Amino acid sequence: MNAVILIFLISLNAPCFGAGAMQNQAHERYTRDMSEITRYYYRDISVQNNRTHIKDYNTATRIVFTEIKNGLYILTQNDYRMICYDINNTRPAASEIRFMEIVNILDFDYEINNSGENIEILTSRQKPVYDGGYIHFIKESIRAVFEFDANARIKYYKIINQNDNRVEEEYSFYYNAADELRGIYSVNNGDYVLCKSIYYDGQLRLLERPFFNNSAGTNIDEIIIFNGNTMKYHSKRYLRPPHVEGPPVSDDFLTQEEAWYSVLTEFNAKGFRIRQTHYFHYGAELEYEFKYLRYDAKNNWTYSQTISEDSRTKNINEYKREIKYKE
């Protein structure tokens, strides 16, 4: 069971924008009237021994999100694509889009087939494999098949290897009486294992270690917490892949505590990220603070800073955004 969930976790790791803080699509607040965002990693400021060093970057990331059906999206960031699901799809009072990452894909020309209540996406992804003491990634052609229920909600999806038609991953969605997504279960040989939990009461919950030592039928890798309609906390597990130049790792490396870390992200009353803490197997280490210095007429930020600091150096990464809205 763990192997199935682990592959899913690795495939969800998103690249960082600029330096430092982990970026996940759940961290971004998108209002429903947005059509396109260009985000610039503007400059890096470091302060050490009362000396300030500034590096200019102005590297642009163009972000476009296109809805396929019922809250299922293809999100494009320059040459990078991801299949995402809007957690707020069935919550009419929520004015913002909050993406849950489904799977990173490689193909520029993916194919989407509509069949009744189902959506099939033919594409490819990077798949981790263990070979002779090292973990590397190979390109895998897949079919991602999504099933919807009568209430226009995703109820199930599976990832199928196109080469041998083998189902590699299956997931089932659970909703509460208020039509809100409450959990996602990994399905394997008829067993359902909880891997993602969503709450709406604003109460903090953390991922608990050890990650792979729970025999009670849960193996949660992600917790998303709303305070009403506003995102308040996000806690997720990420892989720390071994360096290729380093020593070989054991074949059970992916089930070892030191192979994984978790990230807790906190949001303010507007739903913007304000703090991020990284937890490793030996404890908390990295912390980032986010400040928003300018907003546009629709109260979406256009200039922000990501700040980190240790005993010697204070680092400030600056970002700018240009936002296009639907007419």
# chains A, B, ... in the order shown; residues from 1 in each chain; ligands from 1

call {"tool": "closest_atom_pairs", "arguments": {"of": "segment 17-49 of chain A", "to": "segment 70-85 of chain A", "cutoff": "12 Å", "atoms": "only C-alpha atoms", "output": "CSV"}}
result
residue,atom,partner,partner_atom,distance
A:Phe17,CA,A:Gln77,CA,10.5
A:Asn24,CA,A:Cys84,CA,11.1
A:Gln25,CA,A:Cys84,CA,8.4
A:Ala26,CA,A:Cys84,CA,9.7
A:Tyr30,CA,A:Leu75,CA,11.9
A:Arg32,CA,A:Gly71,CA,11.6
A:Ser35,CA,A:Leu75,CA,11.5
A:Glu36,CA,A:Thr76,CA,10.0
A:Ile37,CA,A:Gln77,CA,9.4
A:Thr38,CA,A:Gln77,CA,9.2
A:Arg39,CA,A:Gln77,CA,9.7

call {"tool": "residues_around", "arguments": {"residues": "Ala269 of chain A", "least_positions_apart": "3", "cutoff": "8 Å", "atoms": "only C-alpha atoms", "output": "list of chain:residue names"}}
result
A:Thr230, A:Lys232, A:Phe272

call {"tool": "residues_around", "arguments": {"residues": "segment 199-208 of chain A", "least_positions_apart": "2", "cutoff": "10 Å", "atoms": "only C-alpha atoms", "output": "ChimeraX atom specification"}}
result
/A:180-183,197,210-212,214,219-237,261-264,266,279

call {"tool": "write_last_selection", "arguments": {"atoms": "C-alpha atoms", "output": "short mmCIF file (atom, residue, chain, number, x, y, z; two decimals), in the first residue's frame"}}
result
data_model
loop_
_atom_site.label_atom_id
_atom_site.label_comp_id
_atom_site.auth_asym_id
_atom_site.auth_seq_id
_atom_site.Cartn_x
_atom_site.Cartn_y
_atom_site.Cartn_z
CA GLU A 180 -17.63 19.74 0.72
CA LEU A 181 -14.62 17.58 -0.08
CA ARG A 182 -13.50 15.94 3.18
CA GLY A 183 -10.97 13.29 2.20
CA SER A 197 -7.89 15.28 4.76
CA PRO A 210 6.48 8.49 12.05
CA PHE A 211 4.96 8.73 8.59
CA PHE A 212 4.88 5.00 7.76
CA ASN A 214 0.34 3.61 11.33
CA ASN A 219 -1.34 7.29 5.83
CA ILE A 220 -2.07 10.99 5.52
CA ASP A 221 0.34 12.98 3.37
CA GLU A 222 -1.65 16.24 3.11
CA ILE A 223 -3.96 18.25 5.35
CA ILE A 224 -5.84 21.32 4.10
CA ILE A 225 -7.73 23.50 6.60
CA PHE A 226 -10.19 26.28 5.82
CA ASN A 227 -11.63 28.82 8.20
CA GLY A 228 -15.05 28.98 6.59
CA ASN A 229 -14.29 29.89 2.96
CA THR A 230 -10.73 31.09 3.56
CA MET A 231 -7.63 28.88 3.52
CA LYS A 232 -5.94 28.93 6.93
CA TYR A 233 -3.40 26.04 7.07
CA HIS A 234 -1.79 23.62 4.66
CA SER A 235 0.44 20.75 5.77
CA LYS A 236 2.06 18.43 3.24
CA ARG A 237 4.76 15.80 2.97
CA TYR A 261 10.00 16.24 5.36
CA SER A 262 6.76 18.15 5.87
CA VAL A 263 5.87 21.80 5.31
CA LEU A 264 3.32 23.79 7.31
CA GLU A 266 -0.15 29.50 7.32
CA TYR A 279 9.88 20.00 9.53
#

call {"tool": "select_by_dssp", "arguments": {"residues": "segment 43-172 of chain A", "states": "strand (DSSP E or B)", "output": "ChimeraX atom specification"}}
result
/A:43-48,51-69,72-77,80-86,96-97,99-105,111-115,118-131,134-148,154-161,166-172

call {"tool": "atom_distance", "arguments": {"atom1": "atom CA of Asn163 of chain A", "atom2": "atom CA of Tyr238 of chain A"}}
result
28.1 Å

call {"tool": "residues_around", "arguments": {"residues": "Tyr156 of chain A", "least_positions_apart": "6", "cutoff": "8 Å", "atoms": "only C-alpha atoms", "output": "PyMOL selection string"}}
result
chain A and resi 146-148+170-173

call {"tool": "write_last_selection", "arguments": {"atoms": "C-alpha atoms", "output": "mmCIF file, in the first residue's frame"}}
result
data_model
loop_
_atom_site.group_PDB
_atom_site.id
_atom_site.type_symbol
_atom_site.label_atom_id
_atom_site.label_comp_id
_atom_site.auth_asym_id
_atom_site.auth_seq_id
_atom_site.Cartn_x
_atom_site.Cartn_y
_atom_site.Cartn_z
ATOM 1 C CA PHE A 146 -11.693 10.883 -13.878
ATOM 2 C CA GLU A 147 -15.255 9.895 -12.972
ATOM 3 C CA PHE A 148 -17.875 12.432 -11.833
ATOM 4 C CA GLU A 170 -6.546 4.692 -7.787
ATOM 5 C CA TYR A 171 -8.147 7.327 -5.574
ATOM 6 C CA SER A 172 -11.657 7.802 -4.193
ATOM 7 C CA PHE A 173 -13.105 11.185 -3.104
#

call {"tool": "atom_distance", "arguments": {"atom1": "atom CA of Val129 of chain A", "atom2": "atom CA of Ala21 of chain A"}}
result
26.5 Å

call {"tool": "residues_around", "arguments": {"residues": "Lys127 of chain A", "least_positions_apart": "2", "cutoff": "7 Å", "atoms": "only C-alpha atoms", "output": "number ranges by chain"}}
result
A: 125, 129, 137-140

call {"tool": "atom_distance", "arguments": {"atom1": "atom CA of Lys196 of chain A", "atom2": "atom CA of Thr90 of chain A"}}
result
17.6 Å

call {"tool": "closest_residue", "arguments": {"among": "A:Ala259, A:Leu286, A:Val249, A:Ile307", "to": "Ile135 of chain A", "atoms": "only C-alpha atoms"}}
result
A:Val249
